[in-house]
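Structure below is structure32.tsv: TSV, C-alpha atoms.
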chain	number	residue	atom	x	y	z
M	1	MET	CA	94.24	140.22	9.09
M	2	TYR	CA	95.25	139.89	5.44
M	3	GLU	CA	98.94	139.91	6.36
M	4	GLU	CA	98.33	137.22	8.94
M	5	LEU	CA	96.38	134.93	6.58
M	6	ARG	CA	98.00	135.40	3.18
M	7	GLY	CA	100.51	132.62	3.94
M	8	TYR	CA	97.60	130.15	3.99
M	9	GLY	CA	96.72	130.71	0.34
M	10	PHE	CA	94.32	133.55	0.82
M	11	THR	CA	93.64	136.94	-0.66
M	12	VAL	CA	91.22	139.78	-0.15
M	13	ILE	CA	89.73	141.58	-3.14
M	14	THR	CA	87.92	144.80	-2.36
M	15	VAL	CA	85.65	146.44	-4.92
M	16	ALA	CA	84.48	150.05	-4.55
M	17	LEU	CA	81.00	150.63	-6.02
M	18	ASP	CA	81.74	154.30	-6.47
M	19	ARG	CA	81.00	157.14	-8.86
M	20	SER	CA	84.66	157.47	-9.79
M	21	ALA	CA	88.13	156.28	-8.88
M	22	GLU	CA	88.64	159.68	-7.24
M	23	ASP	CA	85.82	159.02	-4.76
M	24	ALA	CA	87.43	155.74	-3.72
M	25	ARG	CA	91.04	157.00	-3.78
M	26	PRO	CA	91.24	158.47	-0.25
M	27	TRP	CA	89.90	155.24	1.25
M	28	ILE	CA	92.31	153.05	-0.68
M	29	GLU	CA	95.31	155.28	-0.07
M	30	ALA	CA	94.57	155.42	3.66
M	31	ALA	CA	94.36	151.62	3.86
M	32	LYS	CA	97.44	151.04	1.62
M	33	PRO	CA	96.27	147.50	0.89
M	34	ALA	CA	98.67	144.85	-0.42
M	35	HIS	CA	95.73	143.03	-2.02
M	36	PRO	CA	93.78	144.00	-5.16
M	37	SER	CA	91.62	147.03	-4.46
M	38	LEU	CA	89.36	147.62	-7.43
M	39	ILE	CA	87.02	150.30	-8.74
M	40	ASP	CA	83.62	149.45	-10.22
M	41	THR	CA	81.87	152.62	-11.37
M	42	ALA	CA	79.34	150.64	-13.46
M	43	HIS	CA	78.39	148.39	-10.49
M	44	MET	CA	79.24	145.30	-12.51
M	45	LEU	CA	79.80	143.36	-9.29
M	46	ALA	CA	76.36	144.31	-7.95
M	47	ASP	CA	74.79	143.00	-11.18
M	48	LEU	CA	76.76	139.73	-11.16
M	49	TYR	CA	76.30	138.93	-7.45
M	50	ASN	CA	72.95	140.61	-6.73
M	51	ILE	CA	74.54	143.00	-4.24
M	52	VAL	CA	72.02	145.48	-2.85
M	53	ASN	CA	73.99	147.26	-0.12
M	54	VAL	CA	77.48	147.77	1.21
M	55	PRO	CA	79.41	146.36	2.80
M	56	THR	CA	78.69	142.96	1.28
M	57	ILE	CA	81.18	140.13	1.61
M	58	LEU	CA	81.43	136.67	0.01
M	59	TRP	CA	83.80	133.78	0.53
M	60	ILE	CA	85.08	132.05	-2.61
M	61	ASP	CA	87.09	128.85	-2.29
M	62	GLU	CA	90.16	127.59	-4.18
M	63	ARG	CA	87.95	126.11	-6.91
M	64	GLY	CA	86.20	129.40	-7.52
M	65	ARG	CA	83.00	128.37	-5.76
M	66	ILE	CA	80.88	130.54	-3.51
M	67	VAL	CA	81.03	128.97	-0.06
M	68	ARG	CA	79.52	131.89	1.82
M	69	PRO	CA	76.97	133.92	-0.14
M	70	ASN	CA	76.30	137.64	0.30
M	71	ASP	CA	76.72	138.55	3.93
M	72	VAL	CA	77.26	141.75	5.88
M	73	ALA	CA	80.50	142.16	7.78
M	74	PHE	CA	82.64	145.06	8.88
M	75	GLY	CA	86.38	145.15	9.33
M	76	THR	CA	86.05	147.16	12.53
M	77	ASP	CA	83.42	147.97	15.16
M	78	ILE	CA	83.15	151.64	14.16
M	79	PHE	CA	79.57	151.14	12.95
M	80	LYS	CA	78.55	148.61	15.58
M	81	TYR	CA	76.39	151.14	17.39
M	82	ILE	CA	74.28	151.45	14.24
M	83	THR	CA	74.42	147.93	12.88
M	84	GLY	CA	74.68	145.77	15.99
M	85	LEU	CA	77.18	143.65	14.03
M	86	GLU	CA	80.45	142.70	15.64
M	87	ALA	CA	83.49	142.60	13.38
M	88	ALA	CA	85.20	139.97	15.53
M	89	ARG	CA	82.61	137.31	14.75
M	90	HIS	CA	83.18	137.34	11.03
M	91	LEU	CA	86.94	137.65	11.43
M	92	ALA	CA	87.07	134.59	13.70
M	93	ALA	CA	84.97	132.53	11.27
M	94	LEU	CA	87.05	133.72	8.32
M	95	ARG	CA	90.32	132.93	10.08
M	96	ALA	CA	89.15	129.39	10.93
M	97	TRP	CA	88.06	128.77	7.32
M	98	VAL	CA	91.27	130.10	5.77
M	99	ARG	CA	93.46	128.11	8.18
M	100	GLY	CA	91.50	124.97	7.41
M	101	GLU	CA	90.24	124.63	10.98
M	102	ALA	CA	86.62	124.84	9.92
M	103	THR	CA	84.75	124.15	6.71
M	104	ALA	CA	82.59	126.81	5.08
M	105	LEU	CA	78.86	126.30	4.55
M	106	PRO	CA	77.68	123.05	2.94
M	107	GLU	CA	76.43	123.61	-0.63
M	108	ALA	CA	72.76	123.12	0.21
M	109	ARG	CA	73.01	125.61	3.05
M	110	ALA	CA	74.88	128.15	0.92
M	111	ARG	CA	72.18	127.84	-1.74
M	112	ALA	CA	69.38	128.20	0.79
M	113	LEU	CA	70.94	131.41	2.11
M	114	GLN	CA	71.40	133.00	-1.31
M	115	SER	CA	69.11	135.75	-2.38
M	116	LEU	CA	68.58	135.61	-6.14
M	117	PRO	CA	67.66	138.61	-8.29
M	118	THR	CA	64.10	139.23	-9.47
M	119	ASP	CA	63.00	140.76	-12.78
M	120	GLY	CA	62.50	144.03	-10.90
M	121	ASP	CA	66.08	143.94	-9.60
M	122	GLN	CA	67.43	143.45	-13.11
M	123	GLN	CA	65.19	146.10	-14.64
M	124	ALA	CA	66.46	148.47	-11.94
M	125	ARG	CA	70.05	147.57	-12.85
M	126	ALA	CA	69.35	148.31	-16.52
M	127	GLU	CA	67.98	151.73	-15.51
M	128	PHE	CA	71.06	152.26	-13.33
M	129	GLY	CA	73.36	151.20	-16.19
M	130	LEU	CA	71.69	153.66	-18.52
M	131	GLY	CA	71.88	156.41	-15.89
M	132	GLU	CA	75.55	155.74	-15.21
M	133	TRP	CA	76.34	155.89	-18.94
M	134	LEU	CA	74.52	159.20	-19.27
M	135	TYR	CA	76.18	160.57	-16.11
M	136	THR	CA	79.71	159.84	-17.32
M	137	ARG	CA	78.86	161.77	-20.49
M	138	GLY	CA	77.74	164.83	-18.58
M	139	ARG	CA	74.02	164.31	-19.18
M	140	THR	CA	73.31	164.51	-15.49
M	141	GLU	CA	69.67	165.50	-15.64
M	142	ALA	CA	68.63	162.56	-17.80
M	143	ALA	CA	70.88	160.33	-15.69
M	144	GLY	CA	69.09	161.46	-12.52
M	145	ARG	CA	65.70	160.44	-13.92
M	146	HIS	CA	66.93	156.90	-14.62
M	147	PHE	CA	68.59	156.63	-11.21
M	148	VAL	CA	65.31	157.59	-9.55
M	149	ARG	CA	63.39	155.11	-11.72
M	150	ALA	CA	65.91	152.39	-10.76
M	151	GLY	CA	65.35	153.12	-7.07
M	152	GLU	CA	61.58	152.89	-7.49
M	153	LEU	CA	61.92	149.48	-9.18
M	154	ALA	CA	64.18	148.11	-6.41
M	155	PRO	CA	63.52	150.07	-3.21
M	156	HIS	CA	65.64	147.62	-1.20
M	157	ASP	CA	68.70	148.27	-3.39
M	158	PHE	CA	70.83	150.85	-1.62
M	159	THR	CA	73.75	150.51	-4.04
M	160	ILE	CA	71.25	152.30	-6.28
M	161	ARG	CA	69.24	154.49	-3.92
M	162	ARG	CA	72.15	155.65	-1.79
M	163	GLY	CA	75.02	154.87	-4.17
M	164	THR	CA	73.64	157.24	-6.83
M	165	MET	CA	73.13	160.13	-4.39
M	166	PRO	CA	76.55	161.68	-5.15
M	167	MET	CA	75.64	161.61	-8.86
M	168	ARG	CA	72.33	163.35	-8.11
M	169	GLY	CA	73.95	166.11	-6.07
M	170	ILE	CA	72.70	164.65	-2.79
M	171	ASP	CA	74.86	164.10	0.29
M	172	PRO	CA	74.76	160.31	0.90
M	173	MET	CA	75.29	160.85	4.64
M	174	GLY	CA	72.98	163.86	4.87
M	175	PRO	CA	69.33	164.55	5.72
M	176	LYS	CA	68.02	163.05	2.45
M	177	PHE	CA	69.70	159.76	3.28
M	178	ARG	CA	68.48	159.77	6.89
M	179	GLU	CA	64.97	160.49	5.67
M	180	MET	CA	65.10	157.58	3.21
M	181	LEU	CA	66.56	155.25	5.83
M	182	GLY	CA	63.99	156.33	8.42
M	183	ALA	CA	61.06	155.64	6.10
M	184	TRP	CA	62.53	152.28	5.10
M	185	VAL	CA	63.13	151.10	8.64
M	186	GLN	CA	59.85	152.48	9.94
M	187	ALA	CA	58.01	150.37	7.34
M	188	GLY	CA	59.57	147.31	9.00
M	189	ASN	CA	62.41	146.70	6.53
M	190	PRO	CA	66.01	145.89	7.48
M	191	TYR	CA	68.78	148.10	6.10
M	192	TYR	CA	71.41	145.39	6.53
M	193	ARG	CA	70.64	141.73	5.94
M	194	PRO	CA	73.36	139.62	7.54
M	195	LEU	CA	73.16	135.83	7.22
M	196	PRO	CA	71.35	134.23	10.14
M	197	GLU	CA	74.35	132.60	11.88
A	1	MET	CA	57.47	149.78	-24.27
A	2	GLY	CA	55.66	153.02	-25.05
A	3	THR	CA	58.80	155.13	-25.42
A	4	LEU	CA	60.09	152.92	-28.24
A	5	ASP	CA	57.04	153.42	-30.43
A	6	ARG	CA	57.17	157.21	-30.46
A	7	PRO	CA	58.95	158.58	-33.56
A	8	ARG	CA	61.73	161.10	-33.12
A	9	GLY	CA	63.55	163.53	-35.40
A	10	ASP	CA	62.25	164.94	-38.68
A	11	GLY	CA	61.53	161.54	-40.23
A	12	VAL	CA	63.88	162.20	-43.17
A	13	THR	CA	67.44	162.13	-41.80
A	14	GLU	CA	67.84	159.20	-39.45
A	15	THR	CA	68.92	160.06	-35.92
A	16	LYS	CA	71.81	158.16	-34.34
A	17	PHE	CA	71.13	155.72	-31.56
A	18	THR	CA	73.48	154.16	-29.01
A	19	ILE	CA	73.04	150.58	-27.82
A	20	ILE	CA	74.88	149.51	-24.67
A	21	ASP	CA	74.93	145.75	-24.48
A	22	GLY	CA	77.02	143.91	-21.90
A	23	GLY	CA	79.77	146.51	-21.78
A	24	ARG	CA	79.84	146.88	-25.58
A	25	VAL	CA	78.67	150.17	-27.05
A	26	ALA	CA	77.39	150.35	-30.63
A	27	GLU	CA	76.31	153.38	-32.66
A	28	VAL	CA	73.48	152.49	-35.00
A	29	GLY	CA	70.64	154.21	-36.81
A	30	GLU	CA	67.57	154.94	-34.74
A	31	ARG	CA	65.37	152.38	-36.47
A	32	GLU	CA	67.92	149.63	-35.97
A	33	GLY	CA	68.51	150.67	-32.36
A	34	VAL	CA	64.83	150.53	-31.54
A	35	GLU	CA	64.59	147.15	-33.27
A	36	LEU	CA	67.52	145.77	-31.23
A	37	ALA	CA	65.99	147.03	-27.99
A	38	LYS	CA	62.61	145.50	-28.82
A	39	ARG	CA	64.21	142.18	-29.72
A	40	ALA	CA	66.18	142.09	-26.45
A	41	GLU	CA	63.01	142.82	-24.53
A	42	ALA	CA	61.13	140.08	-26.38
A	43	MET	CA	63.89	137.69	-25.29
A	44	GLY	CA	63.17	138.51	-21.67
A	45	ARG	CA	66.06	140.90	-21.10
A	46	PRO	CA	65.60	144.09	-19.07
A	47	VAL	CA	65.86	147.14	-21.32
A	48	ALA	CA	66.14	150.76	-20.24
A	49	VAL	CA	65.59	153.46	-22.85
A	50	ALA	CA	66.28	157.19	-22.92
A	51	ARG	CA	64.53	157.97	-26.17
A	52	ASP	CA	65.27	161.69	-26.09
A	53	GLU	CA	68.95	160.96	-25.46
A	54	GLY	CA	69.02	158.33	-28.21
A	55	VAL	CA	70.36	155.53	-26.05
A	56	ALA	CA	69.24	152.14	-24.75
A	57	TYR	CA	70.82	149.83	-22.20
A	58	LEU	CA	70.27	146.09	-22.62
A	59	GLY	CA	70.70	144.30	-19.30
A	60	THR	CA	70.90	140.69	-18.18
A	61	SER	CA	67.78	138.80	-17.17
A	62	ALA	CA	67.12	137.70	-13.61
A	63	ARG	CA	66.79	134.13	-14.87
A	64	GLU	CA	70.29	134.14	-16.32
A	65	ARG	CA	71.88	135.75	-13.27
A	66	ALA	CA	70.01	133.44	-10.88
A	67	LYS	CA	71.05	130.34	-12.81
A	68	VAL	CA	74.74	131.19	-12.45
A	69	LEU	CA	74.48	132.20	-8.79
A	70	ALA	CA	72.53	129.06	-7.87
A	71	SER	CA	75.30	126.94	-9.41
A	72	LEU	CA	77.58	128.50	-6.73
A	73	GLU	CA	80.20	129.07	-9.43
A	74	ALA	CA	81.52	132.55	-8.58
A	75	PRO	CA	80.79	134.84	-11.57
A	76	ASP	CA	84.08	136.03	-13.04
A	77	PHE	CA	84.90	139.71	-13.46
A	78	THR	CA	87.75	141.97	-14.53
A	79	LEU	CA	88.06	145.42	-12.97
A	80	PRO	CA	90.77	148.09	-12.72
A	81	ASP	CA	92.61	149.28	-9.62
A	82	LEU	CA	93.54	152.93	-8.90
A	83	ASP	CA	96.51	152.70	-11.27
A	84	GLY	CA	94.32	151.39	-14.07
A	85	ARG	CA	95.80	147.88	-13.81
A	86	VAL	CA	93.11	145.25	-14.35
A	87	HIS	CA	92.53	142.25	-12.09
A	88	THR	CA	90.50	139.13	-12.84
A	89	LEU	CA	88.87	137.03	-10.14
A	90	SER	CA	89.55	133.69	-11.85
A	91	ARG	CA	93.31	134.41	-11.78
A	92	HIS	CA	93.07	133.73	-8.04
A	93	ARG	CA	92.05	130.08	-8.49
A	94	GLY	CA	93.97	128.00	-5.98
A	95	THR	CA	93.59	130.56	-3.21
A	96	LYS	CA	90.68	131.37	-0.98
A	97	VAL	CA	89.19	134.80	-1.63
A	98	LEU	CA	87.34	137.21	0.62
A	99	LEU	CA	85.42	139.42	-1.78
A	100	VAL	CA	84.36	142.75	-0.26
A	101	ALA	CA	82.02	145.21	-1.94
A	102	TYR	CA	82.02	148.66	-0.36
A	103	GLY	CA	81.42	152.28	-1.28
A	104	SER	CA	82.70	155.64	-0.09
A	105	TRP	CA	79.03	156.65	0.26
Take the structure from the file and write it as structure tokens.
Amino acid sequence: MYEELRGYGFTVITVALDRSAEDARPWIEAAKPAHPSLIDTAHMLADLYNIVNVPTILWIDERGRIVRPNDVAFGTDIFKYITGLEAARHLAALRAWVRGEATALPEARARALQSLPTDGDQQARAEFGLGEWLYTRGRTEAAGRHFVRAGELAPHDFTIRRGTMPMRGIDPMGPKFREMLGAWVQAGNPYYRPLPE
Amino acid sequence: MGTLDRPRGDGVTETKFTIIDGGRVAEVGEREGVELAKRAEAMGRPVAVARDEGVAYLGTSARERAKVLASLEAPDFTLPDLDGRVHTLSRHRGTKVLLVAYGSW
């Protein structure tokens, strides 16, 4: 897709919200991307864009403006049986926008679809930031306490609740994750929040 | 902030304190560190403190983040790739960008 569209003045930038470059390395090396593929151990991107789960995608136009705010899209249909989201839909919309065959969202619509951070979200990110700093200095026990506190402050933020599992010695695909997800969904909450169109 | 009011150390030699503020890390005395954290909190910033570890993280307020996002101006960032080479979003002005956040978890 990137190869097909790069001639139109387009790039992809991927950002791994991971514990370390080593965690992201196998994914990046398998994909061998020609576009920037970045590592964000401090979750700077999540803080700047109010990202609360992965994958999250945004479209940014030539002037550096957000023309499609935080949305959920997958590059393939591997997870479709879980998410119900079809990769082809987003790819078709993206292709039309990049080729100039369709405009992105009007500003008012883009604004209406944005979800802006609350004080609780930002307090959670401060707790995460503190935890991440402690973790990288080997103070894992103290780090764990701040990660847990962060998750309590923002229970909808899975970049925190699930993303910190590897740093708390928990398998992020294992029973602890399934238990967390089950409780969250059972309470009537969505795990993924794609835009409504 | 209860944890900031509790004294630490022997009260004679001042313990060191680390302040993490917007990616900058400063080593200060404990009294100054606590003062900085309190001031940031009074200004409406989120502050996380590990008193026993002697460190505080000063975050960015929801109001400030929301103001930028609502302007639809994409917040700029600089991050490294696997080889340690840094990339900056704003260097891609003039091209359309698909920004993808993901995690190996």
For a test of reading the model, state the distance in Å between CA of Leu48 (chain M) and CA of Glu86 (chain M), rounded to one decimal.
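Answer for the CA of Leu48 (chain M) to CA of Glu86 (chain M) separation: 27.2 Å.
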Counting only C-alpha atoms, which residues of chain M fall within 6 Å of chain A, and what is the closest atom pair for each with its distance in Å at one decimal, ordered by chain and rising number, as a tab-separated table?
residue	atom	partner	partner_atom	distance
M:Gly9	CA	A:Thr95	CA	4.7
M:Phe10	CA	A:Lys96	CA	4.6
M:Thr11	CA	A:Val97	CA	5.0
M:Val12	CA	A:Leu98	CA	4.7
M:Ile13	CA	A:Leu99	CA	5.0
M:Thr14	CA	A:Val100	CA	4.6
M:Val15	CA	A:Ala101	CA	4.9
M:Ala16	CA	A:Gly103	CA	5.0
M:Leu17	CA	A:Gly103	CA	5.0
M:Asp18	CA	A:Gly103	CA	5.6
M:Ala24	CA	A:Ser104	CA	6.0
M:Ser37	CA	A:Asp81	CA	5.7
M:Leu38	CA	A:Asp81	CA	4.3
M:Ile39	CA	A:Asp81	CA	5.8
M:Val54	CA	A:Tyr102	CA	4.9
M:Pro55	CA	A:Tyr102	CA	4.7
M:Thr56	CA	A:Ala101	CA	5.1
M:Ile57	CA	A:Val100	CA	4.5
M:Leu58	CA	A:Leu99	CA	5.2
M:Trp59	CA	A:Leu98	CA	4.9
M:Ile60	CA	A:Val97	CA	5.0
M:Asp61	CA	A:Lys96	CA	4.6
M:Glu62	CA	A:Gly94	CA	4.2
M:Arg63	CA	A:Arg93	CA	5.9
M:Gly64	CA	A:Ala74	CA	5.7
M:Arg65	CA	A:Glu73	CA	4.7
M:Ile66	CA	A:Leu72	CA	5.0
M:Leu116	CA	A:Ala66	CA	5.4
M:Pro117	CA	A:Ala62	CA	5.4
M:Thr118	CA	A:Ala62	CA	5.3
M:Asp119	CA	A:Ala62	CA	5.2
M:Gln122	CA	A:Ala62	CA	5.8
M:Gln123	CA	A:Pro46	CA	4.9
M:Ala126	CA	A:Gly59	CA	5.1
M:Glu127	CA	A:Ala48	CA	5.2
M:Leu130	CA	A:Tyr57	CA	5.4
M:Pro172	CA	A:Trp105	CA	5.7
Could you tell me how far CA of Arg19 (chain M) lies from CA of Gly174 (chain M), in Å and to one decimal?
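CA of Gly174 (chain M) lies at a distance of 17.3 Å from CA of Arg19 (chain M).
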Expected axis-aligned box over every listed atom of region 172-184 of chain M, 5 Å added per side, centre plus edges in Å to one decimal, as lines of an AutoDock Vina configuration file:
center_x = 68.2
center_y = 158.4
center_z = 4.7
size_x = 24.2
size_y = 22.3
size_z = 17.5
What separation in Å, quoted to one decimal, exists between CA of Glu29 (chain M) and CA of Gly75 (chain M)?
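Between these atoms lies a distance of 16.5 Å.
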